[in-house]
Amino acid sequence: MSGRGRHRRQPNRRIARRISRVSLAVTAGGAGLALPFIGTGSAHAASAGKPQTVDTAKETGDVASVKSEKKDESDKSDKKYTVKPGDSLAAISRENDTEGGWRKLYEANRDTVGSDPDLIRPGDELTLDVKAAGSGGGQQSGGQQSGQAPQGGATHSSGSKYGNNLDGWIREALDIMKAKQIPGTYDGIKRNIMRESGGNPNAVNNWDVNAQNGTPSKGLLQTIKPTFDQYHVEGTADSMTDPVANIVAACNYAAAQYGSIDNVNGPY
C-alpha cells in the first residue's frame with residue numbers, strides 16, 4: 001500500500017506522460033503490444049487490479065499429504081508379513097503397530113494360524129489389514145484361554161493335512177515315527193504329554209535338578225537339551241519347543257530306554 005509522509009517521493013510526471021504516449025502509439029500502430037499506462041494514479045490502479053496470488057507450494061503440499069495418507073492406508077491394506085522362526089503374534093503386532101494388537105492380528109489370520117494363536121508356522125503369510133477382520137465371533141482359541149499374549153518359539157512348519165494343535169502334532173509325529181520304526185501309540189503319547197506339560201509346547205521346568213544343572217526340561221514331553229540332541233530325528237525341526245520334533249525325539253529316547261513311550265507312566 002502507498003504510504004503517506006514527508007519522505008514519499010513524488011512521481012516524475014514528465015516521464016509518466018511520455019510513457020503514456022508511447023503506449024498509445026504502439027497500440028495504434030497495430031503492433032499488438034499494450035504497455036502499461038502509467039499516470040499519476042497508476043499505483044492505486046495496479047493495487048486495485050492486482051490479481052490474487054495462490055500459495056501453490058502450500059496447496060501442492062496439502063494435496064501431497066492427502067495422497068500420502070491414502071497411499072499409506074492402501075499399502076497397509078495390501079501389506080503381508082512372512083512368519084520367521086521365533087516370531088509370535090504379539091511381537092509382529094508390536095513391530096507393525098497393528099491396531100488392536102495381537103488379538104486383532106489373530107482374528108484377521110485365524111484361517112492361516114489355526115485354533116492356537118501361540119503357534120505360528122515359519123513361511124506363513126499373514127495379512128496386516130486387521131480392519132478387514134470380523135468382530136471376533138466363531139470358535140475360540142483353544143490354546144490361549146487366559147488372554148495372555150502369544151509367546152515366541154513355538155512355531156511349527158506342519159503340513160497342511162495336520163492340524164496345528166495337539167491332535168495334529170501327535171498324528172504327524174506318529175507318521176514320522178512309523179517311517180523311522182519308532183514304537184508308540186497315540187494314547188501313550190498324549191497321556192505322557194498331559195502329565196509332563198499339559199499340552200503346552202513352550203512349557204519349561206525351571207525348578208528341578210536339571211534346571212539347577214543348567215539344562216531345564218522343555219517342550220511337550222519335557223526333554224533336556226543333551227537328550228534332545230542325542231535322540232533328535234533327522235527331518236524334524238532342530239528345536240525343543242517345536243512340538244513334533246519334541247515328541248519324536250522323546251519317543252525315540254523312550255524306545256531306547258523303556259521299549260516304548262507307552263511303557264512310561266511317570267517321570268522318565
# chains A, B, ... in the order shown; residues from 1 in each chain; ligands from 1
>>> residues_around(residues="stretch 186-193 of chain A", least_positions_apart="6", cutoff="12 Å", atoms="only C-alpha atoms", output="JSON, numbers by chain")
{"A": [166, 167, 168, 169, 170, 171, 172, 173, 174, 175, 177, 178, 199, 200, 201, 203, 218, 219, 220, 221, 222, 223, 243, 244, 246, 247, 248, 249, 250, 251, 252, 254, 255, 260, 261, 262, 263, 264, 265, 266, 267, 268]}
>>> write_last_selection(atoms="N, CA and C atoms", output="compact mmCIF listing (two decimals), in the first residue's frame")
# COMPACT_ATOMS: atom_id res chain seq x y z
N LEU A 166 -2.65 -79.95 19.30
CA LEU A 166 -2.07 -81.15 19.93
C LEU A 166 -2.40 -82.42 19.14
N ASP A 167 -3.64 -82.55 18.71
CA ASP A 167 -4.03 -83.74 17.93
C ASP A 167 -3.20 -83.85 16.65
N GLY A 168 -3.06 -82.73 15.94
CA GLY A 168 -2.29 -82.74 14.69
C GLY A 168 -0.82 -83.04 14.92
N TRP A 169 -0.23 -82.50 15.99
CA TRP A 169 1.18 -82.75 16.29
C TRP A 169 1.44 -84.22 16.58
N ILE A 170 0.54 -84.82 17.35
CA ILE A 170 0.71 -86.24 17.68
C ILE A 170 0.59 -87.10 16.42
N ARG A 171 -0.41 -86.80 15.58
CA ARG A 171 -0.60 -87.59 14.37
C ARG A 171 0.58 -87.44 13.41
N GLU A 172 1.09 -86.22 13.30
CA GLU A 172 2.25 -86.02 12.43
C GLU A 172 3.47 -86.75 12.98
N ALA A 173 3.64 -86.68 14.30
CA ALA A 173 4.77 -87.37 14.94
C ALA A 173 4.67 -88.88 14.73
N LEU A 174 3.46 -89.42 14.83
CA LEU A 174 3.27 -90.86 14.64
C LEU A 174 3.64 -91.29 13.23
N ASP A 175 3.31 -90.48 12.23
CA ASP A 175 3.68 -90.81 10.85
C ASP A 175 5.20 -90.84 10.69
N MET A 177 7.37 -91.34 13.15
CA MET A 177 7.85 -92.47 13.95
C MET A 177 7.66 -93.79 13.22
N LYS A 178 6.55 -93.91 12.50
CA LYS A 178 6.31 -95.13 11.73
C LYS A 178 7.37 -95.30 10.65
N GLY A 199 0.15 -80.10 27.57
CA GLY A 199 -0.11 -79.79 26.17
C GLY A 199 0.48 -78.46 25.72
N ASN A 200 1.32 -77.87 26.57
CA ASN A 200 1.94 -76.58 26.23
C ASN A 200 3.34 -76.80 25.66
N PRO A 201 3.55 -76.54 24.37
CA PRO A 201 4.86 -76.78 23.75
C PRO A 201 5.95 -75.83 24.25
N ALA A 203 6.28 -75.11 27.51
CA ALA A 203 6.49 -75.37 28.94
C ALA A 203 7.98 -75.56 29.25
N LYS A 218 12.22 -78.96 28.57
CA LYS A 218 11.37 -78.08 27.76
C LYS A 218 10.46 -78.88 26.84
N GLY A 219 9.37 -78.26 26.46
CA GLY A 219 8.50 -78.81 25.42
C GLY A 219 7.41 -79.73 25.91
N LEU A 220 6.69 -80.32 24.96
CA LEU A 220 5.54 -81.16 25.27
C LEU A 220 5.89 -82.34 26.16
N LEU A 221 7.02 -83.00 25.87
CA LEU A 221 7.41 -84.18 26.65
C LEU A 221 8.65 -83.90 27.51
N GLN A 222 8.91 -82.61 27.76
CA GLN A 222 9.92 -82.17 28.73
C GLN A 222 11.27 -82.87 28.57
N THR A 223 11.89 -82.65 27.44
CA THR A 223 13.23 -83.20 27.22
C THR A 223 14.28 -82.15 27.59
N PRO A 243 6.78 -78.69 18.56
CA PRO A 243 6.00 -79.79 19.14
C PRO A 243 6.27 -81.17 18.52
N VAL A 244 6.33 -81.24 17.20
CA VAL A 244 6.55 -82.54 16.55
C VAL A 244 7.96 -83.05 16.80
N ASN A 246 9.85 -82.40 19.30
CA ASN A 246 9.95 -82.77 20.71
C ASN A 246 9.34 -84.14 20.96
N ILE A 247 8.16 -84.37 20.38
CA ILE A 247 7.51 -85.67 20.55
C ILE A 247 8.36 -86.80 19.99
N VAL A 248 8.84 -86.63 18.77
CA VAL A 248 9.60 -87.70 18.10
C VAL A 248 10.90 -88.00 18.85
N ALA A 249 11.60 -86.96 19.26
CA ALA A 249 12.86 -87.18 19.99
C ALA A 249 12.61 -87.87 21.32
N ALA A 250 11.57 -87.43 22.03
CA ALA A 250 11.25 -88.04 23.33
C ALA A 250 10.84 -89.50 23.17
N CYS A 251 10.06 -89.79 22.13
CA CYS A 251 9.64 -91.18 21.89
C CYS A 251 10.83 -92.03 21.47
N ASN A 252 11.75 -91.45 20.74
CA ASN A 252 12.97 -92.16 20.34
C ASN A 252 13.80 -92.51 21.57
N ALA A 254 12.53 -92.72 24.70
CA ALA A 254 11.75 -93.69 25.49
C ALA A 254 11.87 -95.09 24.91
N ALA A 255 11.92 -95.22 23.58
CA ALA A 255 12.07 -96.54 22.96
C ALA A 255 13.41 -97.16 23.33
N SER A 260 9.22 -98.37 24.69
CA SER A 260 8.20 -97.57 24.03
C SER A 260 7.73 -96.46 24.97
N ILE A 261 7.26 -95.40 24.41
CA ILE A 261 6.68 -94.33 25.24
C ILE A 261 5.45 -94.85 25.95
N ASP A 262 4.82 -95.89 25.40
CA ASP A 262 3.64 -96.47 26.04
C ASP A 262 3.96 -97.09 27.39
N ASN A 263 5.22 -97.42 27.61
CA ASN A 263 5.63 -98.06 28.88
C ASN A 263 6.01 -97.03 29.94
N VAL A 264 5.96 -95.77 29.58
CA VAL A 264 6.31 -94.70 30.53
C VAL A 264 5.06 -94.20 31.23
N ASN A 265 5.06 -94.26 32.55
CA ASN A 265 3.89 -93.85 33.33
C ASN A 265 4.24 -92.84 34.43
N GLY A 266 5.41 -92.23 34.31
CA GLY A 266 5.83 -91.26 35.30
C GLY A 266 7.07 -90.55 34.77
N PRO A 267 7.73 -89.82 35.66
CA PRO A 267 8.96 -89.13 35.23
C PRO A 267 9.95 -90.13 34.59
N TYR A 268 10.56 -89.75 33.53
CA TYR A 268 11.41 -90.68 32.80
C TYR A 268 12.71 -90.03 32.39
>>> closest_residue(among="A:Arg110, A:Arg195, A:Lys180, A:Arg121", to="A:Asp87", atoms="only C-alpha atoms")
A:Arg121
>>> atom_distance(atom1="atom CA of A:Val83", atom2="atom CA of A:Leu126")
7.4 Å
>>> closest_residue(among="A:Gly184, A:Gly259, A:Gly198, A:Pro216", to="A:Phe228", atoms="only C-alpha atoms")
A:Pro216
>>> atom_distance(atom1="atom CA of A:Lys161", atom2="atom CA of A:Ala91")
27.5 Å
